[in-house]
file query_3.tsv (TSV, C-alpha atoms and all ligand atoms)
chain	number	residue	atom	x	y	z
W	16	MET	CA	-34.01	-33.24	27.98
W	17	VAL	CA	-33.76	-37.00	27.66
W	18	VAL	CA	-33.87	-38.45	24.18
W	19	ASP	CA	-36.56	-41.01	23.49
W	20	THR	CA	-34.96	-44.36	24.32
W	21	GLU	CA	-36.80	-46.08	21.51
W	22	THR	CA	-34.87	-44.18	18.86
W	23	LEU	CA	-31.60	-44.62	20.69
W	24	SER	CA	-30.34	-48.06	19.76
W	25	THR	CA	-26.72	-48.90	19.00
W	26	GLU	CA	-27.86	-49.38	15.40
W	27	THR	CA	-29.26	-45.85	15.10
W	28	ILE	CA	-26.11	-44.38	16.66
W	29	LEU	CA	-23.94	-46.41	14.29
W	30	GLU	CA	-26.04	-45.22	11.37
W	31	ARG	CA	-25.25	-41.62	12.28
W	32	LEU	CA	-21.56	-42.29	12.94
W	33	ILE	CA	-21.12	-43.97	9.52
W	34	SER	CA	-22.86	-41.03	7.78
W	35	PHE	CA	-19.97	-38.70	8.70
W	36	ASP	CA	-17.04	-39.02	6.28
W	37	THR	CA	-14.30	-38.92	8.89
W	38	THR	CA	-11.48	-40.05	6.61
W	39	SER	CA	-8.37	-38.86	8.46
W	40	ARG	CA	-7.75	-35.98	6.00
W	41	ASN	CA	-11.21	-34.52	6.86
W	42	SER	CA	-12.51	-32.73	9.94
W	43	ASN	CA	-14.18	-35.00	12.52
W	44	LEU	CA	-16.00	-32.13	14.22
W	45	ALA	CA	-19.47	-32.91	12.86
W	46	LEU	CA	-19.22	-36.42	14.30
W	47	ILE	CA	-17.71	-35.21	17.59
W	48	ASN	CA	-20.44	-32.57	17.99
W	49	TYR	CA	-23.09	-35.21	17.28
W	50	ILE	CA	-21.64	-37.44	20.03
W	51	ALA	CA	-21.19	-34.53	22.49
W	52	ASN	CA	-24.82	-33.42	21.91
W	53	LEU	CA	-26.16	-36.93	22.24
W	54	LEU	CA	-24.27	-37.41	25.52
W	55	LYS	CA	-25.39	-33.98	26.77
W	56	GLN	CA	-29.05	-34.77	26.00
W	57	ASN	CA	-28.54	-37.77	28.26
W	58	GLY	CA	-26.93	-35.81	31.08
W	59	ILE	CA	-23.28	-36.53	30.26
W	60	GLU	CA	-20.81	-33.65	29.85
W	61	SER	CA	-17.92	-34.04	27.42
W	62	VAL	CA	-14.54	-32.36	27.24
W	63	LEU	CA	-13.42	-31.62	23.67
W	64	ILE	CA	-9.69	-31.22	23.00
W	65	ALA	CA	-9.24	-29.53	19.63
W	66	ASN	CA	-6.18	-29.51	17.38
W	67	ASP	CA	-4.31	-26.25	16.73
W	68	ASP	CA	-6.39	-25.18	13.73
W	69	LYS	CA	-9.65	-26.26	15.41
W	70	THR	CA	-10.63	-28.65	12.61
W	71	LYS	CA	-10.53	-31.84	14.68
W	72	ALA	CA	-11.10	-32.82	18.29
W	73	ASN	CA	-10.75	-35.62	20.79
W	74	LEU	CA	-13.67	-36.24	23.13
W	75	TYR	CA	-13.42	-37.33	26.76
W	76	ALA	CA	-16.45	-37.95	28.95
W	77	SER	CA	-17.02	-39.57	32.33
W	78	VAL	CA	-20.08	-41.11	33.93
W	79	GLY	CA	-20.38	-41.77	37.67
W	80	PRO	CA	-18.41	-40.40	40.61
W	81	GLN	CA	-15.62	-37.88	40.01
W	82	ALA	CA	-13.00	-40.20	41.42
W	83	ALA	CA	-9.84	-41.97	40.41
W	84	GLY	CA	-10.12	-45.36	38.79
W	85	GLY	CA	-12.82	-46.84	36.64
W	86	VAL	CA	-12.76	-48.17	33.13
W	87	MET	CA	-11.97	-46.14	30.00
W	88	LEU	CA	-13.45	-47.21	26.67
W	89	SER	CA	-11.22	-45.96	23.87
W	90	GLY	CA	-11.85	-45.63	20.15
W	91	HIS	CA	-10.70	-43.57	17.17
W	92	THR	CA	-13.24	-41.61	15.15
W	93	ASP	CA	-11.27	-41.41	11.90
W	94	VAL	CA	-11.39	-43.99	9.11
W	95	VAL	CA	-9.08	-44.93	6.23
W	96	PRO	CA	-9.80	-43.58	2.72
W	97	ILE	CA	-12.01	-45.37	0.21
W	98	ASP	CA	-9.99	-43.95	-2.73
W	99	GLY	CA	-9.25	-46.53	-5.39
W	100	GLN	CA	-11.50	-49.13	-3.75
W	101	ASP	CA	-14.42	-50.74	-5.55
W	102	TRP	CA	-17.41	-50.55	-3.17
W	103	THR	CA	-20.75	-52.18	-4.02
W	104	TYR	CA	-22.42	-50.70	-0.90
W	105	PRO	CA	-22.41	-46.95	-0.15
W	106	ALA	CA	-19.35	-46.31	2.04
W	107	PHE	CA	-20.83	-43.51	4.17
W	108	LYS	CA	-24.35	-44.82	4.60
W	109	LEU	CA	-25.05	-47.76	6.88
W	110	THR	CA	-26.59	-50.68	4.95
W	111	LYS	CA	-27.97	-53.71	6.72
W	112	ASP	CA	-27.87	-56.80	4.52
W	113	ASN	CA	-28.90	-60.05	6.20
W	114	SER	CA	-26.75	-60.39	9.29
W	115	ARG	CA	-24.21	-57.69	8.42
W	116	TYR	CA	-23.86	-53.92	8.61
W	117	TYR	CA	-21.85	-52.45	5.73
W	118	GLY	CA	-20.06	-49.09	5.60
W	119	ARG	CA	-16.62	-47.53	6.10
W	120	GLY	CA	-15.77	-47.78	9.79
W	121	THR	CA	-18.36	-50.39	10.74
W	122	THR	CA	-15.65	-52.71	12.05
W	123	ASP	CA	-12.75	-50.20	12.38
W	124	MET	CA	-14.11	-48.87	14.65
W	125	LYS	CA	-17.38	-46.98	14.79
W	126	GLY	CA	-19.24	-50.19	15.73
W	127	PHE	CA	-17.42	-50.22	19.07
W	128	ILE	CA	-17.89	-46.46	19.53
W	129	ALA	CA	-21.66	-46.89	19.05
W	130	CYS	CA	-21.69	-49.68	21.68
W	131	ALA	CA	-19.59	-47.55	24.07
W	132	ILE	CA	-22.01	-44.60	23.75
W	133	THR	CA	-24.99	-46.89	24.42
W	134	ALA	CA	-23.21	-48.28	27.48
W	135	ALA	CA	-22.38	-44.79	28.81
W	136	ILE	CA	-25.98	-43.61	28.41
W	137	SER	CA	-27.24	-46.73	30.14
W	138	ALA	CA	-24.67	-46.21	32.94
W	139	GLN	CA	-25.80	-42.58	33.38
W	140	ARG	CA	-29.31	-43.81	34.25
W	141	LYS	CA	-27.88	-45.92	37.09
W	142	THR	CA	-25.81	-45.04	40.13
W	143	LEU	CA	-22.23	-46.00	39.50
W	144	ASN	CA	-19.78	-46.66	42.29
W	145	THR	CA	-16.83	-46.52	39.95
W	146	PRO	CA	-16.62	-44.23	36.90
W	147	LEU	CA	-16.90	-45.17	33.25
W	148	HIS	CA	-14.95	-43.03	30.78
W	149	LEU	CA	-15.16	-42.52	27.03
W	150	ALA	CA	-12.03	-41.49	25.09
W	151	PHE	CA	-12.58	-40.90	21.38
W	152	SER	CA	-9.64	-39.69	19.29
W	153	TYR	CA	-8.85	-38.40	15.79
W	154	ASP	CA	-5.96	-39.14	13.40
W	155	GLU	CA	-5.31	-42.66	14.70
W	156	GLU	CA	-5.10	-44.10	11.22
W	157	ILE	CA	-2.17	-41.88	10.30
W	158	GLY	CA	0.01	-43.11	13.17
W	159	CYS	CA	-1.84	-42.49	16.49
W	160	VAL	CA	-1.16	-38.77	16.07
W	161	GLY	CA	-4.33	-37.15	17.43
W	162	VAL	CA	-4.55	-38.94	20.77
W	163	HIS	CA	-1.46	-37.17	22.17
W	164	SER	CA	-3.40	-34.09	23.35
W	165	LEU	CA	-5.85	-36.40	25.12
W	166	LEU	CA	-2.93	-38.19	26.78
W	167	ASP	CA	-1.51	-34.82	27.89
W	168	MET	CA	-4.85	-33.82	29.39
W	169	LEU	CA	-5.21	-37.14	31.23
W	170	SER	CA	-1.65	-37.15	32.56
W	171	ALA	CA	-2.26	-33.66	34.05
W	172	ALA	CA	-5.69	-34.64	35.44
W	173	PRO	CA	-6.04	-35.49	39.15
W	174	ASN	CA	-7.93	-38.71	38.40
W	175	LYS	CA	-6.80	-41.38	35.99
W	176	PRO	CA	-8.73	-44.47	34.91
W	177	ALA	CA	-7.65	-47.75	36.47
W	178	MET	CA	-7.84	-49.60	33.18
W	179	CYS	CA	-8.56	-49.15	29.50
W	180	ILE	CA	-10.27	-51.19	26.79
W	181	VAL	CA	-9.31	-50.18	23.25
W	182	GLY	CA	-12.22	-51.43	21.14
W	183	GLU	CA	-10.34	-52.17	17.91
W	184	PRO	CA	-11.79	-55.24	16.17
W	185	THR	CA	-10.53	-58.47	17.79
W	186	GLU	CA	-13.78	-60.47	17.41
W	187	LEU	CA	-14.07	-59.80	21.15
W	188	HIS	CA	-10.91	-61.69	22.02
W	189	VAL	CA	-8.78	-60.13	24.74
W	190	ALA	CA	-5.59	-58.97	23.05
W	191	THR	CA	-2.72	-58.11	25.39
W	192	LYS	CA	0.03	-57.53	22.85
W	193	HIS	CA	0.76	-55.80	19.61
W	194	LYS	CA	3.81	-54.34	17.95
W	195	GLY	CA	4.83	-50.69	18.08
W	196	LYS	CA	5.55	-48.68	14.95
W	197	THR	CA	7.95	-45.93	13.92
W	198	ALA	CA	7.26	-44.15	10.60
W	199	ILE	CA	10.24	-42.55	8.86
W	200	ILE	CA	10.84	-40.57	5.68
W	201	ALA	CA	14.23	-40.62	3.96
W	202	TYR	CA	15.13	-37.85	1.50
W	203	CYS	CA	17.65	-39.10	-1.06
W	204	THR	CA	19.34	-36.26	-2.95
W	205	GLY	CA	21.33	-36.22	-6.17
W	206	THR	CA	21.97	-33.84	-9.06
W	207	GLU	CA	19.64	-33.13	-11.97
W	208	GLY	CA	20.64	-33.16	-15.64
W	209	HIS	CA	19.69	-34.28	-19.15
W	210	SER	CA	19.07	-38.00	-19.20
W	211	ALA	CA	21.12	-38.34	-22.39
W	212	LEU	CA	24.11	-37.72	-20.13
W	213	ALA	CA	22.66	-39.67	-17.21
W	214	PRO	CA	25.93	-41.22	-15.98
W	215	ASN	CA	27.30	-37.71	-15.40
W	216	TYR	CA	24.72	-37.02	-12.68
W	217	GLN	CA	23.70	-38.64	-9.41
W	218	ASN	CA	20.24	-40.13	-9.92
W	219	ALA	CA	18.23	-39.76	-6.66
W	220	ILE	CA	15.94	-42.69	-7.59
W	221	HIS	CA	18.97	-44.95	-8.00
W	222	LEU	CA	20.24	-43.84	-4.60
W	223	ALA	CA	16.79	-44.54	-3.09
W	224	CYS	CA	16.92	-48.05	-4.58
W	225	ASP	CA	20.25	-48.59	-2.79
W	226	LEU	CA	18.57	-47.45	0.43
W	227	VAL	CA	15.71	-49.91	-0.15
W	228	ASP	CA	18.36	-52.62	-0.56
W	229	ILE	CA	19.69	-51.69	2.88
W	230	LEU	CA	16.14	-51.93	4.29
W	231	ARG	CA	15.72	-55.40	2.76
W	232	ASP	CA	19.07	-56.61	4.07
W	233	THR	CA	18.20	-55.26	7.52
W	234	GLN	CA	14.88	-57.13	7.43
W	235	ALA	CA	16.57	-60.38	6.35
W	236	GLU	CA	19.09	-60.12	9.21
W	237	ILE	CA	16.37	-59.45	11.80
W	238	ALA	CA	14.18	-62.29	10.48
W	239	ALA	CA	17.08	-64.72	10.80
W	240	ALA	CA	17.29	-63.85	14.51
W	241	SER	CA	13.54	-64.05	15.26
W	242	SER	CA	12.90	-62.24	18.52
W	243	GLN	CA	9.26	-62.79	19.54
W	244	PRO	CA	8.34	-66.47	19.24
W	245	ASP	CA	4.87	-65.97	20.80
W	246	ASP	CA	3.73	-63.62	17.99
W	247	PRO	CA	1.52	-65.81	15.77
W	248	HIS	CA	1.71	-63.32	12.88
W	249	ILE	CA	5.31	-62.24	12.13
W	250	PRO	CA	7.54	-63.13	15.10
W	251	TYR	CA	10.14	-60.39	14.61
W	252	THR	CA	10.62	-56.68	13.88
W	253	THR	CA	9.63	-55.76	10.33
W	254	VAL	CA	11.07	-53.11	8.02
W	255	HIS	CA	8.89	-52.05	5.10
W	256	ALA	CA	9.02	-49.31	2.44
W	257	GLY	CA	5.48	-48.19	1.62
W	258	ARG	CA	5.84	-45.13	-0.58
W	259	ILE	CA	8.41	-43.70	-2.96
W	260	HIS	CA	8.05	-40.29	-4.59
W	261	ALA	CA	10.34	-38.90	-7.28
W	262	GLY	CA	10.80	-37.75	-10.85
W	263	GLN	CA	9.49	-34.93	-13.06
W	264	ALA	CA	10.07	-36.33	-16.56
W	265	LEU	CA	11.76	-39.34	-18.09
W	266	ASN	CA	14.44	-37.19	-19.71
W	267	ILE	CA	15.49	-35.48	-16.48
W	268	VAL	CA	17.80	-37.23	-14.04
W	269	PRO	CA	15.91	-36.73	-10.74
W	270	ASN	CA	17.62	-34.81	-7.94
W	271	LEU	CA	15.28	-35.84	-5.11
W	272	CYS	CA	13.55	-39.08	-4.11
W	273	SER	CA	11.69	-39.60	-0.85
W	274	VAL	CA	11.13	-43.05	0.67
W	275	ASN	CA	8.54	-43.58	3.41
W	276	PHE	CA	9.30	-46.64	5.48
W	277	GLU	CA	8.31	-48.09	8.82
W	278	ILE	CA	9.74	-50.26	11.58
W	279	ARG	CA	7.19	-52.42	13.43
W	280	HIS	CA	8.61	-53.98	16.55
W	281	PRO	CA	7.67	-56.14	19.55
W	282	ALA	CA	8.03	-54.55	23.00
W	283	ILE	CA	11.45	-56.14	23.55
W	284	ASP	CA	13.01	-54.48	20.47
W	285	ASP	CA	14.11	-50.84	20.21
W	286	PRO	CA	13.18	-49.38	16.81
W	287	MET	CA	15.79	-46.62	17.23
W	288	LYS	CA	18.56	-49.23	17.30
W	289	VAL	CA	17.26	-50.62	14.01
W	290	LEU	CA	17.09	-47.11	12.56
W	291	ASP	CA	20.62	-46.32	13.77
W	292	LYS	CA	21.89	-49.39	11.95
W	293	ILE	CA	20.09	-48.36	8.75
W	294	LYS	CA	21.50	-44.84	9.09
W	295	SER	CA	25.08	-46.01	9.55
W	296	GLN	CA	24.88	-48.21	6.44
W	297	ALA	CA	23.32	-45.32	4.51
W	298	ASP	CA	26.19	-43.06	5.70
W	299	GLN	CA	28.77	-45.49	4.32
W	300	LEU	CA	26.89	-45.66	1.02
W	301	VAL	CA	26.68	-41.87	0.74
W	302	LYS	CA	30.38	-41.49	1.63
W	303	ARG	CA	31.33	-43.75	-1.30
W	304	ILE	CA	29.05	-41.93	-3.76
W	305	ARG	CA	30.20	-38.45	-2.65
W	306	GLN	CA	33.69	-39.16	-3.95
W	307	ARG	CA	32.22	-38.56	-7.40
W	308	PHE	CA	28.95	-36.69	-6.61
W	309	PRO	CA	29.38	-34.37	-3.61
W	310	ALA	CA	25.67	-33.44	-3.67
W	311	ALA	CA	24.58	-37.02	-2.86
W	312	GLY	CA	22.92	-37.43	0.51
W	313	ILE	CA	20.30	-39.29	2.54
W	314	GLU	CA	18.51	-37.48	5.37
W	315	PHE	CA	16.16	-39.30	7.74
W	316	GLU	CA	13.20	-37.85	9.62
W	317	VAL	CA	10.97	-39.73	12.09
W	318	LEU	CA	7.39	-38.76	11.24
W	319	ASN	CA	5.56	-40.45	14.10
W	320	ALA	CA	5.78	-43.41	16.43
W	321	TYR	CA	3.74	-45.38	18.95
W	322	PRO	CA	4.96	-48.03	21.37
W	323	ALA	CA	4.14	-51.73	21.45
W	324	LEU	CA	1.50	-53.06	23.83
W	325	ASP	CA	2.65	-55.76	26.21
W	326	THR	CA	0.19	-56.16	29.08
W	327	PRO	CA	0.99	-59.05	31.46
W	328	ILE	CA	-1.65	-61.77	31.11
W	329	ASP	CA	-2.10	-61.99	34.88
W	330	SER	CA	-2.91	-58.27	35.27
W	331	ASP	CA	-6.25	-57.03	36.63
W	332	VAL	CA	-7.43	-55.56	33.32
W	333	VAL	CA	-6.93	-58.89	31.55
W	334	LYS	CA	-8.75	-60.84	34.24
W	335	PHE	CA	-11.54	-58.26	34.38
W	336	VAL	CA	-12.25	-58.26	30.63
W	337	GLN	CA	-11.91	-62.04	30.49
W	338	SER	CA	-14.55	-62.27	33.24
W	339	LEU	CA	-16.92	-60.11	31.16
W	340	LEU	CA	-16.51	-62.50	28.25
W	341	GLY	CA	-16.37	-65.78	30.16
W	342	THR	CA	-13.00	-66.73	28.73
W	343	ASN	CA	-9.48	-67.27	30.02
W	344	LYS	CA	-7.74	-66.80	26.69
W	345	THR	CA	-5.63	-63.93	25.41
W	346	SER	CA	-4.40	-63.04	21.94
W	347	PHE	CA	-1.75	-61.06	20.07
W	348	VAL	CA	-3.01	-58.68	17.36
W	349	ALA	CA	-0.99	-57.95	14.23
W	350	PHE	CA	-2.05	-54.29	13.93
W	351	GLY	CA	-1.11	-51.35	16.17
W	352	THR	CA	-3.44	-49.35	18.42
W	353	GLU	CA	-3.39	-46.42	20.83
W	354	GLY	CA	-3.18	-49.03	23.61
W	355	GLY	CA	0.61	-48.87	23.84
W	356	LEU	CA	0.39	-45.11	24.50
W	357	PHE	CA	-2.28	-45.46	27.21
W	358	SER	CA	-0.25	-48.19	28.80
W	359	GLN	CA	3.29	-46.74	28.54
W	360	GLN	CA	2.75	-43.00	28.52
W	361	LEU	CA	-0.18	-42.84	30.93
W	362	GLY	CA	0.50	-45.96	32.99
W	363	VAL	CA	-3.06	-47.23	32.51
W	364	PRO	CA	-3.15	-51.03	32.05
W	365	THR	CA	-4.79	-51.70	28.69
W	366	VAL	CA	-6.19	-54.49	26.55
W	367	VAL	CA	-7.54	-54.42	23.02
W	368	CYS	CA	-10.99	-55.97	22.73
W	369	GLY	CA	-13.71	-54.98	20.30
W	370	PRO	CA	-16.36	-56.31	17.95
W	371	GLY	CA	-15.75	-57.28	14.34
W	372	SER	CA	-12.65	-58.49	12.60
W	373	MET	CA	-9.71	-56.57	11.11
W	374	GLU	CA	-10.06	-59.03	8.19
W	375	GLN	CA	-12.78	-56.61	7.05
W	376	GLY	CA	-10.94	-53.43	8.04
W	377	HIS	CA	-9.46	-51.04	5.45
W	378	LYS	CA	-11.18	-52.95	2.62
W	379	PRO	CA	-14.05	-52.16	0.21
W	380	ASP	CA	-17.45	-53.29	1.52
W	381	GLU	CA	-16.17	-53.18	5.11
W	382	PHE	CA	-18.76	-54.80	7.37
W	383	ILE	CA	-19.46	-55.97	10.89
W	384	GLU	CA	-21.63	-58.94	11.83
W	385	ALA	CA	-24.75	-57.79	13.74
W	386	GLN	CA	-24.06	-60.60	16.19
W	387	GLN	CA	-20.65	-59.11	17.04
W	388	LEU	CA	-22.30	-55.79	17.88
W	389	GLN	CA	-24.88	-57.54	20.07
W	390	GLN	CA	-22.16	-59.48	21.87
W	391	CYS	CA	-20.20	-56.26	22.44
W	392	GLU	CA	-23.31	-54.54	23.82
W	393	ALA	CA	-23.82	-57.50	26.18
W	394	MET	CA	-20.17	-57.36	27.29
W	395	LEU	CA	-20.45	-53.63	28.05
W	396	GLU	CA	-23.76	-54.17	29.90
W	397	ARG	CA	-21.94	-56.63	32.16
W	398	LEU	CA	-19.15	-54.09	32.54
W	399	VAL	CA	-21.62	-51.41	33.67
W	400	GLU	CA	-23.11	-53.86	36.20
W	401	GLN	CA	-19.62	-54.36	37.62
W	402	LEU	CA	-19.32	-50.60	38.16
W	403	LEU	CA	-22.59	-50.28	40.15
W	501	ZN	ZN	-8.65	-48.90	13.96
call {"tool": "encode", "arguments": {"input": "query_3.tsv", "output": "structure tokens", "more": "lines below"}}
Ligand SMILES: [Zn+2]
result
Amino acid sequence: MVVDTETLSTETILERLISFDTTSRNSNLALINYIANLLKQNGIESVLIANDDKTKANLYASVGPQAAGGVMLSGHTDVVPIDGQDWTYPAFKLTKDNSRYYGRGTTDMKGFIACAITAAISAQRKTLNTPLHLAFSYDEEIGCVGVHSLLDMLSAAPNKPAMCIVGEPTELHVATKHKGKTAIIAYCTGTEGHSALAPNYQNAIHLACDLVDILRDTQAEIAAASSQPDDPHIPYTTVHAGRIHAGQALNIVPNLCSVNFEIRHPAIDDPMKVLDKIKSQADQLVKRIRQRFPAAGIEFEVLNAYPALDTPIDSDVVKFVQSLLGTNKTSFVAFGTEGGLFSQQLGVPTVVCGPGSMEQGHKPDEFIEAQQLQQCEAMLERLVEQLL
């Protein structure tokens, strides 16, 4: 059965995609099943790769000959939470207002996914010489966690794509670089007791503050020796504490405090070297404190990590995507993507290029300009023509 083409515009697909609340903590299966069914109705088979408890899945689909090569369009299906944000438009219902589409995920990055589905369906109606692939993941927003099973499947597959476009919002500029990220949790331990006798106990929050001091000193040292002059955003590795959790009551000296922090680094820097330095300073600190409080300690655990993207500007994927857009420019995006994993782990040359702007990502009243969607559709139409 072929679905009536009149009802199948990028806008109607986007409307459906936005209607699924795929905040990373939720299942994405309803959305994935919608996409798989839509593709199937148009003659395209999908492979779903579920997580262990079968609540989420990646989707991979190919159009055209079963051969090596071709172009992979990559996007993540999850979105960031709307908790604590003041939305004036409904977050999970697409609203068109003048020239903009509003809703969570319009720019990051269901707009691109809608365009990619339209392009795949259009490609299926033609005879491709070279395949077009769709790769839609889950749990990207919590550290590119979900895509790993898709990477495993692709690395074991006989045929790999020749290149990949990650459609994160770049306003359709061709981004060849971004930083990598390592997320870490540090557990600072002390001893509990009545706060009236606070100096007799090791306060875990105080110890965590000393650790944060080490993080800040590390950042200052790195910044002084700036390592990536071509990054227009922050030209060096950054160290940032984003979450601290501790304390039961004001009158109890806390015995545990966790600090979530991250290291974001250009391709030339090794985040593990930065972490080793932080660890060795933390060890010295703990050694001093243990002379009086033997229970004091700081344990580190890497939660997740993805590599930087650093695609040479003279590579085929860069030239190819530039030709689709009629530009010879490249850019450097501040945010991370799955692109570094496709590039480093799978060996598939990758650029980041998608509609909309990250200026509107992760914010209330997230939107995408209708014109950006149209331009992305036009770019992918030209891409399909190149595959004929
Ligand atoms: Zn994104």
call {"tool": "closest_residue", "arguments": {"input": "query_3.tsv", "among": "W:Tyr117, W:Phe276, W:Phe308, W:Phe350", "to": "ligand ZN 501 (chain W)", "atoms": "all atoms listed in the file"}}
result
W:Phe350
call {"tool": "residues_around", "arguments": {"input": "query_3.tsv", "residues": "Glu353 of chain W", "least_positions_apart": "4", "cutoff": "10 Å", "atoms": "all atoms listed in the file", "output": "PyMOL selection string"}}
result
chain W and resi 89-91+152+155+158-163+181+183+195+321-324+357-358+365+367
call {"tool": "residues_near_ligand", "arguments": {"input": "query_3.tsv", "ligand": "ligand ZN 501 (chain W)", "cutoff": "12 Å", "atoms": "all atoms listed in the file", "output": "number ranges by chain"}}
result
W: 38-39, 89-95, 119-128, 151-159, 181-185, 348-354, 367-377
call {"tool": "axis_aligned_box", "arguments": {"input": "query_3.tsv", "around": "segment 213-229 of chain W", "padding_each_side": "5 Å", "output": "lines of an AutoDock Vina configuration file"}}
result
center_x = 21.5
center_y = -44.8
center_z = -7.2
size_x = 21.6
size_y = 25.6
size_z = 30.1
call {"tool": "closest_residue", "arguments": {"input": "query_3.tsv", "among": "W:Ala211, W:Ile220, W:Ala385, W:Leu74", "to": "Ile132 of chain W", "atoms": "all atoms listed in the file"}}
result
W:Leu74
call {"tool": "closest_residue", "arguments": {"input": "query_3.tsv", "among": "W:Gly262, W:Pro176, W:Pro281, W:Pro269", "to": "Asn218 of chain W", "atoms": "only C-alpha atoms"}}
result
W:Pro269
call {"tool": "residues_around", "arguments": {"input": "query_3.tsv", "residues": "Asp325 of chain W", "least_positions_apart": "5", "cutoff": "9 Å", "atoms": "only C-alpha atoms", "output": "VMD selection string"}}
result
chain W and resid 191 to 194 281 to 282 355 358 365 to 366
call {"tool": "atom_distance", "arguments": {"input": "query_3.tsv", "atom1": "atom CA of Gln387 of chain W", "atom2": "atom CA of Glu186 of chain W"}}
result
7.0 Å
call {"tool": "closest_residue", "arguments": {"input": "query_3.tsv", "among": "W:Arg140, W:Arg307, W:Lys294, W:Arg231", "to": "Thr206 of chain W", "atoms": "only C-alpha atoms"}}
result
W:Arg307
call {"tool": "atom_distance", "arguments": {"input": "query_3.tsv", "atom1": "atom CA of Glu392 of chain W", "atom2": "atom CA of Ala129 of chain W"}}
result
9.2 Å
call {"tool": "decode", "arguments": {"input": "query_3.tsv", "residues": "segment 224-238 of chain W", "atoms": "N, CA and C atoms", "output": "compact mmCIF listing (two decimals), in the first residue's frame"}}
result
# COMPACT_ATOMS: atom_id res chain seq x y z
N CYS W 224 33.35 20.92 47.69
CA CYS W 224 33.73 22.30 47.31
C CYS W 224 35.22 22.38 47.01
N ASP W 225 36.03 21.63 47.79
CA ASP W 225 37.47 21.59 47.50
C ASP W 225 37.72 20.96 46.13
N LEU W 226 36.93 19.94 45.81
CA LEU W 226 37.07 19.31 44.48
C LEU W 226 36.70 20.31 43.38
N VAL W 227 35.62 21.06 43.60
CA VAL W 227 35.22 22.06 42.60
C VAL W 227 36.32 23.11 42.42
N ASP W 228 37.00 23.44 43.50
CA ASP W 228 38.15 24.34 43.41
C ASP W 228 39.22 23.77 42.48
N ILE W 229 39.45 22.48 42.61
CA ILE W 229 40.45 21.81 41.74
C ILE W 229 39.98 21.90 40.28
N LEU W 230 38.67 21.69 40.05
CA LEU W 230 38.14 21.77 38.69
C LEU W 230 38.36 23.18 38.12
N ARG W 231 38.11 24.19 38.96
CA ARG W 231 38.26 25.58 38.49
C ARG W 231 39.72 25.91 38.21
N ASP W 232 40.61 25.44 39.07
CA ASP W 232 42.04 25.69 38.83
C ASP W 232 42.49 24.99 37.54
N THR W 233 41.99 23.77 37.35
CA THR W 233 42.35 23.02 36.13
C THR W 233 41.90 23.80 34.90
N GLN W 234 40.65 24.30 34.95
CA GLN W 234 40.13 25.08 33.83
C GLN W 234 40.99 26.31 33.56
N ALA W 235 41.36 27.02 34.63
CA ALA W 235 42.15 28.25 34.46
C ALA W 235 43.49 27.94 33.81
N GLU W 236 44.12 26.84 34.23
CA GLU W 236 45.41 26.45 33.65
C GLU W 236 45.28 26.12 32.17
N ILE W 237 44.22 25.37 31.83
CA ILE W 237 44.01 24.97 30.43
C ILE W 237 43.74 26.22 29.58
N ALA W 238 42.90 27.12 30.10
CA ALA W 238 42.53 28.32 29.34
C ALA W 238 43.76 29.17 29.04
